[in-house]
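Working notes, beginning with the structure itself.
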Amino acid sequence: MSDPTSQPYGVIAEFDTPADLLHAAEKVREAGFTRWDVFTPFPVHGMDKAMGLRNSQVGWFSFIGGATGYTSGMLMVWYMNAYDYPIVIGGKPMFSPFYPFVPCFELTILLGALGAVLGMLCLNRLPRLHHPLLKHRRFAQVTHDKFYLVIETSDPNYAEAETRRLLETAGSRHVELVEE
Amino acid sequence: MNPTGPIPAIQVAAPPAELERIPLIANQRSPGWLSDKIAGVVEGKTPLWWWCAFVPSVLFLLLGAAMVAYQISTGVGVWGLGHPVMWGWAIVNFVWWIGIGHAGTLISAILFLLRQRWRTSINRAAEAMTIFAVMCAGLFPIIHIGRVWLGWWLLPIPNANGIWPQFRSPLMWDVFAVSTYFTVSALFWYVGLIPDLAILRDRAQTKARQFIYGFFALGWTGSNRHWSNYEKAYLILAGLATPLVLSVHSTVSLDFSVSQLPGWHTTIFPPYFVAGAIYSGFGMVLTLMVPLRKLLHLEEIITMRHIDVMCKVTLATGSIVGYAYAMEYFIAWYSGNPYEQWTFWNRVFGKYWYGGWAMIGFNALVPQLFWFKWVRRNLIAVFIVSILANIGMWFERFVIVVGSLYQDFVVANWGYYKPTWVDIGTYLGTFGLFFTFFLLFLRFLPLIAISEVKGVTPQADPHHPLGGAKLKRGHS
């Protein structure tokens, strides 16, 4: 409310049960909205399908991390033990891909895990310590036991009255505007 | 195909009541109740028992710090090490602590992949246990090298002569295995904590709490687009942590089995060590959870069903350990190798006979009590067995490390080992370290994964009447 020229962030609708939210999400998706999201205290089974989300891309980050870990591990051991300062141990060859397997395996896991976590944060645009919703009065209940659906004003299909009506017919008893 | 008309519907009777699963959360508690209950542990007044446990823990921690300072400033000679036993309590304690850590990862990763939904009530505390146990474990090899200021030689950095570490040594593998294990366990734990930190942020009554929890919650809003990536990342972490946890104790066992010593040089070691690690880890989880659920009044979340399943895992892994013991004895006899046979005879009839019997009795025989339902339902019995499990597993490592070293091939090379007060003080100090961190964890972070527990309630299932699903007409 501080700046009268600023546009609100979006419309927020509160639901009491995951089933109500799931059906509302299906309706919003069918209405053709693109800039919207649902907020839940725990992942709701079937919500990705209801929202029409594609399979998460985190796997690629993890794969690239893991492949980097394995390759760099092998290169590291080859460089250290066979190239930069070779020492003959028990008459064995300077390098073979077998003896460094354990450290390479561990590096695969390490960078694969880091890739998964950083990929998740990157795809989610986190950390983000300021968000219009976090300032909203009712929204603190999202981590407790309430379920929310938010349609942003930047959505091309957004029209305040109609959007509100859609959310009300979807079963929400609290539909409010969220300030930017 | 079927000209006589529609096929009559197949009538299936409802399953009998005794086949109904016991609910994971007792009394149909709602998601909001779970938040209040678990976050209430962190937000409420510090209970008296917490101080009664915390003060001695800190004192033990200080004792451990003094012992380590004395050992570093004087030398490893203050320990009972000496020819031929150059690996004593320090290595025993290292293997013991790192084994305890394994249950946390088993619960959080392997049971997640196996869709064991009961894990949600205990995984957070077990993961915390893992991290603190690995910290205790990691301390020992570092101080064991004697000149700790040269500890960086373990890292892939060339020394003053330009020589790199030699990667043919399993000790180098261990460095990578243990440090990766610690890092990935901590990551896994933190990722699981993010939604719960957001819960604490949204419930915070003071600015400081709101800021600190909010900072570490990274701005989590519970967006489903976020949950989608989050769940995928969690699944991948579980998939990576599963081979990791199996590899860590396997690598620890390779420190032994790659050598030529009778009692160490066996191919059975990796799976045998992993089973023992999970056995001792579950022992520690039970030791911690049985009193905690009572002290914090969490009986509805950590139910008797949870205790029951954990007892069954303990029974299964204890039996695998028992099988491994039997196989070790069989192979010692079957190998026809007199040194190998001597070592295994000496285990139960030599100078450390008590260690050999403790390991067989406490690890292979005592958990067999869990075949009986009345034992699994008796919390005092469960608590006692869980402690015996860890005493037994400590003796197993003692028998393997010291029992194999003190009398090997040549009689002229035989010796005897006993710990000094510094050994004992350092070991007690790691208990101080472990319990100090664990109690701080209980006080400042939710000890149960709140959002995960909510997710396994019927209220969270959009296809369940409690989750708001409307029954369609015509179905019942």
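Chain identifiers are assigned as A, B, and so on, following the order in which chains appear in the structure tokens; residues are numbered from 1 within each chain, and ligands are numbered from 1 in order of appearance.
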
Set out as a tab-separated table a contact list for chain B and chain A with a cut-off of 7 Å, giving each residue of chain B that qualifies its closest atom pair and distance in Å to one decimal, counting only C-alpha atoms, ordered by chain and rising residue number.
residue	atom	partner	partner_atom	distance
B:Pro31	CA	A:Asp145	CA	5.6
B:Gly32	CA	A:Asp145	CA	5.2
B:Ser35	CA	A:His144	CA	6.3
B:Ile163	CA	A:Tyr85	CA	6.2
B:Trp164	CA	A:Met80	CA	5.8
B:Gln166	CA	A:Asn81	CA	6.6
B:Phe167	CA	A:Pro100	CA	6.1
B:Arg168	CA	A:Tyr99	CA	5.8
B:Trp173	CA	A:Pro103	CA	5.4
B:Phe176	CA	A:Pro103	CA	5.6
B:Ala177	CA	A:Glu106	CA	5.8
B:Thr180	CA	A:Leu110	CA	5.8
B:Val184	CA	A:Leu110	CA	6.5
B:Ala198	CA	A:Thr143	CA	6.9
B:Ile199	CA	A:Thr143	CA	5.1
B:Asp202	CA	A:Ala140	CA	5.3
B:Leu218	CA	A:Pro127	CA	4.3
B:Gly219	CA	A:Leu129	CA	4.6
B:Thr221	CA	A:Phe39	CA	6.8
B:Gly222	CA	A:Phe39	CA	4.9
B:Ser223	CA	A:Phe39	CA	4.3
B:Asn224	CA	A:Val38	CA	5.5
B:Arg225	CA	A:Asp37	CA	6.9
B:His226	CA	A:Asn124	CA	5.5
B:Trp227	CA	A:Pro43	CA	5.9
B:Ser228	CA	A:Ser56	CA	6.3
B:Asn229	CA	A:Ser56	CA	5.3
B:Tyr230	CA	A:Met120	CA	6.0
B:Lys232	CA	A:Val58	CA	6.5
B:Ala233	CA	A:Ala116	CA	5.2
B:Ile236	CA	A:Ala116	CA	6.8
B:Leu237	CA	A:Ala113	CA	5.7
B:Leu240	CA	A:Ile109	CA	5.8
B:Leu244	CA	A:Ile109	CA	7.0
B:Ser451	CA	A:Phe42	CA	5.3
B:Glu452	CA	A:Phe42	CA	6.8
B:Lys454	CA	A:Phe42	CA	6.8
B:Gly455	CA	A:Phe42	CA	5.7
B:Ala460	CA	A:Pro18	CA	6.4
B:Asp461	CA	A:His45	CA	6.8
B:Pro462	CA	A:Ala19	CA	4.1
B:His463	CA	A:Ala19	CA	6.8
B:Gly467	CA	A:Thr17	CA	5.6
B:Gly468	CA	A:Ala19	CA	5.0
B:Ala469	CA	A:Ala19	CA	5.4

Please extract the residues of region 221-311 of chain B with a backbone DSSP assignment of alpha helix (DSSP H) and present them as a PyMOL selection string. chain B and resi 224-257+269-295+304-311

Any idea what's packed within 12 Å of Met359 (chain B), counting only C-alpha atoms, ignoring anything in its chain fewer than 2 positions away? Could you give it as a ChimeraX atom specification? /B:276,280,318,321-322,324-325,347-348,352-357,361-367,388-400

Hey, what's within 10 Å of region 157-166 of chain A if we count only C-alpha atoms and toss same-chain stuff fewer than 2 positions away? As number ranges by chain, please? A: 10-13, 24, 27-28, 31-35, 151-155, 168-172, 174-177

Could the residues in this selection be written to a file with C-alpha atoms, as a PDB file, in the first residue's frame?
ATOM      1  CA  GLY A  10      -0.965 -11.223  -7.393  1.00  0.00           C
ATOM      2  CA  VAL A  11      -4.080 -12.832  -6.022  1.00  0.00           C
ATOM      3  CA  ILE A  12      -3.768 -15.369  -3.232  1.00  0.00           C
ATOM      4  CA  ALA A  13      -6.391 -17.976  -2.461  1.00  0.00           C
ATOM      5  CA  ALA A  24      -8.200 -25.680  -7.931  1.00  0.00           C
ATOM      6  CA  LYS A  27      -8.927 -25.490 -12.950  1.00  0.00           C
ATOM      7  CA  VAL A  28      -6.287 -22.757 -13.061  1.00  0.00           C
ATOM      8  CA  ALA A  31      -7.935 -21.691 -17.686  1.00  0.00           C
ATOM      9  CA  GLY A  32      -4.567 -21.202 -19.379  1.00  0.00           C
ATOM     10  CA  PHE A  33      -2.628 -19.314 -16.707  1.00  0.00           C
ATOM     11  CA  THR A  34       1.153 -19.496 -16.875  1.00  0.00           C
ATOM     12  CA  ARG A  35       2.498 -17.285 -14.065  1.00  0.00           C
ATOM     13  CA  ILE A 151      -1.831 -16.090  -9.610  1.00  0.00           C
ATOM     14  CA  GLU A 152       0.545 -13.269 -10.436  1.00  0.00           C
ATOM     15  CA  THR A 153      -0.686 -10.012 -11.915  1.00  0.00           C
ATOM     16  CA  SER A 154       1.981 -10.328 -14.598  1.00  0.00           C
ATOM     17  CA  ASP A 155       0.127 -13.268 -16.122  1.00  0.00           C
ATOM     18  CA  GLU A 168     -13.748 -18.542  -5.401  1.00  0.00           C
ATOM     19  CA  THR A 169     -15.612 -21.041  -7.561  1.00  0.00           C
ATOM     20  CA  ALA A 170     -12.643 -23.397  -7.097  1.00  0.00           C
ATOM     21  CA  GLY A 171     -13.563 -23.506  -3.414  1.00  0.00           C
ATOM     22  CA  SER A 172     -11.389 -20.898  -1.705  1.00  0.00           C
ATOM     23  CA  HIS A 174     -10.195 -16.366   1.366  1.00  0.00           C
ATOM     24  CA  VAL A 175      -9.133 -14.630  -1.812  1.00  0.00           C
ATOM     25  CA  GLU A 176      -6.977 -11.564  -1.304  1.00  0.00           C
ATOM     26  CA  LEU A 177      -4.606  -9.289  -3.170  1.00  0.00           C
TER      27      LEU A 177
END

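The space separating CA of Arg117 (chain B) from CA of Glu300 (chain B) comes to 15.4 Å.
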
How many Å separate CA of Pro446 (chain B) from CA of Val42 (chain B)?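 Interatomic distance, CA of Pro446 (chain B) to CA of Val42 (chain B): 6.5 Å.
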
Residues within 8 Å of Thr343 (chain B), please, as a list in words. Count only C-alpha atoms; anything in the same chain fewer than 4 positions from it doesn't count.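 Those residues are Pro262, Gly263, Tyr339, Arg347, Gly403, Ser404, Gln407 and Asp408 of chain B.
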
Write the residues of the selection above to a file with N, CA, C and O atoms, as a compact mmCIF listing (two decimals), in the first residue's frame.
# COMPACT_ATOMS: atom_id res chain seq x y z
N PRO B 262 46.95 -62.13 9.50
CA PRO B 262 45.83 -63.04 9.80
C PRO B 262 44.81 -62.32 10.67
O PRO B 262 45.18 -61.62 11.60
N GLY B 263 43.53 -62.50 10.36
CA GLY B 263 42.49 -61.78 11.07
C GLY B 263 42.08 -60.50 10.36
O GLY B 263 41.01 -59.96 10.63
N TYR B 339 48.52 -69.93 10.84
CA TYR B 339 48.52 -68.59 11.45
C TYR B 339 47.09 -68.07 11.59
O TYR B 339 46.71 -67.49 12.58
N ARG B 347 41.38 -65.61 19.57
CA ARG B 347 40.33 -64.62 19.79
C ARG B 347 39.46 -64.96 20.99
O ARG B 347 39.05 -64.08 21.72
N GLY B 403 43.53 -57.62 18.74
CA GLY B 403 43.62 -59.08 18.77
C GLY B 403 44.41 -59.66 17.62
O GLY B 403 45.03 -60.72 17.75
N SER B 404 44.40 -58.98 16.47
CA SER B 404 45.17 -59.50 15.34
C SER B 404 46.61 -59.05 15.39
O SER B 404 47.49 -59.72 14.85
N GLN B 407 49.61 -60.79 18.61
CA GLN B 407 50.33 -62.06 18.44
C GLN B 407 50.15 -62.50 17.00
O GLN B 407 49.11 -63.07 16.66
N ASP B 408 51.15 -62.22 16.15
CA ASP B 408 50.96 -62.61 14.75
C ASP B 408 51.87 -63.77 14.39
O ASP B 408 51.81 -64.82 15.03
